[in-house]
Amino acid sequence: MKATVIHEFGDFDVLKHEDIEQPSPKPGHVLIKVLAAGVERLDHYIREGSIVPELPFPHILGADAVGEVAELGEGVTGFEIGEREIVAPGYPQEEDETDIRPAVTAPSFALPGLHISGTYAQFMEVPAYALVKDETGLKPEEVATLPVSLATAVHALKQIGEVKAGDKVLIHAGASGSGSMQIQVAKAMGADVATTVRSDAKGEFAKTLGADLVINTRKEDFVEQVKEWSGGLGADVVIDNLGGDVLSKSIDAVKPLGVVVAFGFAAGTEVTFDVRNLFFSQKQLRGSMASDMEDLEWGLEQVRAGRIKPLLDHTLPLSKAAEAHRLIANNEVTGNLVLLPWAE
Ligand SMILES: NC(=O)c1ccc[n+]([C@@H]2O[C@H](COP(=O)([O-])OP(=O)(O)OC[C@H]3O[C@@H](n4cnc5c(N)ncnc54)[C@H](OP(=O)(O)O)[C@@H]3O)[C@@H](O)[C@H]2O)c1
């Protein structure tokens, strides 16, 4: 089969499109013919070597996949060959750990493309318990935009941020893969949403997703804008996809007792803030990482109900994964990019 693999960390050109041996499903596992694989900023970080110091090379990146059941491993029942399935974007490798919550705390929890072989391939083998039937009615390339962005958005807003209907929520980078989905999830939960962008074009896009207030941070100060929007107090919850200097300002933008959810680090990994700004007003800083099966299922329910839509920027053949990574690294993507393993 064809797969895009890395043999070393490095720049975009370490992504090599190669013939490799097709996996066969272990007992309890299913062989999936991958129809479409999403591209995440995390894939870019892993490829350049900034997430883990070593990997068992050659390694296949990618955490998002939708595909068809191609072969059943020993003992697997309840699946039809050719049936459309979504691969959970992270799951324990040991079946007896599937009830542990949050799933990321299970000792054998693994993200495809990081801890285990990923989705940039024509076939992948997955435990049957990590598959969710695709009943969205969407095209594979649309579905492939969803697993990571949707499930992690639900996890961050619902479980970690504990957002309630009527809450005022600030979401950074509203046109990014994560931010664009978080806006939709927050709106589906009945929240009012403010979002930040750095260009008017991305701002227009964020408005189409239902953002109530769009702040272009090249022209306006988001702390001032959010305070004014929320009657002076600050947001109930901030989802911070950016880290760095932005995160320290997110603490200023949240109300007393409010919650800042640290979700990403596109603007930097090091953050400096005055600790008094946190405890005097009992603000809370919480981390959100990956998702549970319930997050994906709840999100997919919203998709089926038409409350959340996939945001596909464009597709590329899998052989063009290096170009996809370049676009992500240069912030040239609105919504999500998807690779097609069977396209020329
Ligand atoms: N916690 C989790 O489970 C989880 C899951 C998925 C992703 N993440 C993390 O979330 C972050 C965003 O991921 P993504 O997939 O949404 O990325 P993405 O689609 O590549 O978008 C990132 C966006 O961040 C903005 N940005 C970049 N540098 C910035 C800076 N210095 N200041 C302000 N804005 C900046 C850019 O938008 P503008 O041009 O509009 O500013 C860019 O489009 C990443 O760090 C990723 O690793 C975490």
# chains A, B, ... in the order shown; residues from 1 in each chain; ligands from 1
call {"tool": "residues_near_ligand", "arguments": {"ligand": "ligand 1", "cutoff": "8 Å", "atoms": "only C-alpha atoms and all ligand atoms", "output": "count of residues only"}}
result
51
call {"tool": "residues_around", "arguments": {"residues": "A:Phe9", "least_positions_apart": "4", "cutoff": "8 Å", "atoms": "only C-alpha atoms", "output": "list in words"}}
result
Val14, Ile46, Arg47, Glu48 and Gly49 of chain A
call {"tool": "atom_distance", "arguments": {"atom1": "atom CA of A:Ser108", "atom2": "atom CA of A:Ile20"}}
result
26.0 Å
call {"tool": "residues_around", "arguments": {"residues": "A:Ala103", "least_positions_apart": "3", "cutoff": "12 Å", "atoms": "only C-alpha atoms", "output": "MDAnalysis selection string"}}
result
chainID A and resid 88:100 106:111 130 152 155 288:295
call {"tool": "write_last_selection", "arguments": {"atoms": "C-alpha atoms", "output": "compact mmCIF listing (two decimals), in the first residue's frame"}}
result
# COMPACT_ATOMS: atom_id res chain seq x y z
CA ALA A 88 -11.61 7.74 17.28
CA PRO A 89 -8.87 10.39 17.51
CA GLY A 90 -7.18 8.70 20.50
CA TYR A 91 -8.02 5.58 22.47
CA PRO A 92 -6.47 3.18 24.97
CA GLN A 93 -4.67 0.28 23.35
CA GLU A 94 -5.88 -2.07 26.10
CA GLU A 95 -9.59 -2.85 25.86
CA ASP A 96 -9.98 -3.12 29.65
CA GLU A 97 -9.01 0.58 29.93
CA THR A 98 -11.78 1.91 27.69
CA ASP A 99 -13.93 2.96 30.68
CA ILE A 100 -11.23 5.20 32.19
CA ALA A 106 -5.56 5.55 30.69
CA PRO A 107 -2.01 4.12 30.87
CA SER A 108 -2.24 2.74 27.32
CA PHE A 109 -3.96 5.83 25.81
CA ALA A 110 -2.55 6.51 22.35
CA LEU A 111 -3.03 9.18 19.70
CA ALA A 130 -12.18 2.61 18.61
CA THR A 152 -11.43 18.06 21.34
CA HIS A 155 -14.06 18.11 25.48
CA SER A 288 -7.64 20.31 28.01
CA MET A 289 -6.09 17.49 26.04
CA ALA A 290 -7.60 15.07 23.52
CA SER A 291 -11.11 13.73 24.02
CA ASP A 292 -13.30 10.88 25.21
CA MET A 293 -15.53 8.71 23.02
CA GLU A 294 -18.59 10.55 24.43
CA ASP A 295 -17.19 13.88 23.16
call {"tool": "atom_distance", "arguments": {"atom1": "atom CA of A:Pro317", "atom2": "atom CA of A:Ser24"}}
result
23.8 Å
call {"tool": "select_by_dssp", "arguments": {"residues": "stretch 115-324 of chain A", "states": "strand (DSSP E or B)", "output": "JSON, numbers by chain"}}
result
{"A": [116, 121, 123, 124, 125, 126, 127, 131, 132, 133, 168, 169, 170, 171, 192, 193, 194, 195, 196, 197, 213, 214, 215, 216, 235, 236, 237, 238, 239, 240, 243, 254, 255, 256, 257, 258, 259, 260, 261, 262, 268, 284, 285, 286, 287, 312, 313, 314, 315, 316, 317]}
call {"tool": "residues_around", "arguments": {"residues": "A:Leu257", "least_positions_apart": "4", "cutoff": "10 Å", "atoms": "only C-alpha atoms", "output": "PDB file with C-alpha atoms, in the first residue's frame"}}
result
ATOM      1  CA  ASP A 236     -17.121  33.305  31.663  1.00  0.00           C
ATOM      2  CA  VAL A 237     -14.773  30.970  29.792  1.00  0.00           C
ATOM      3  CA  LEU A 278      -5.160  34.570  39.088  1.00  0.00           C
ATOM      4  CA  PHE A 279      -5.772  33.989  42.784  1.00  0.00           C
ATOM      5  CA  PHE A 280      -6.999  37.411  43.947  1.00  0.00           C
ATOM      6  CA  SER A 281     -10.082  36.982  41.779  1.00  0.00           C
ATOM      7  CA  GLN A 282     -10.116  33.175  41.987  1.00  0.00           C
ATOM      8  CA  LYS A 283      -9.739  32.680  38.259  1.00  0.00           C
ATOM      9  CA  GLN A 284      -9.014  29.157  37.111  1.00  0.00           C
TER      10      GLN A 284
END
call {"tool": "residues_around", "arguments": {"residues": "A:Lys187", "least_positions_apart": "6", "cutoff": "9 Å", "atoms": "only C-alpha atoms", "output": "ChimeraX atom specification"}}
result
/A:165,193,209-211,307-308
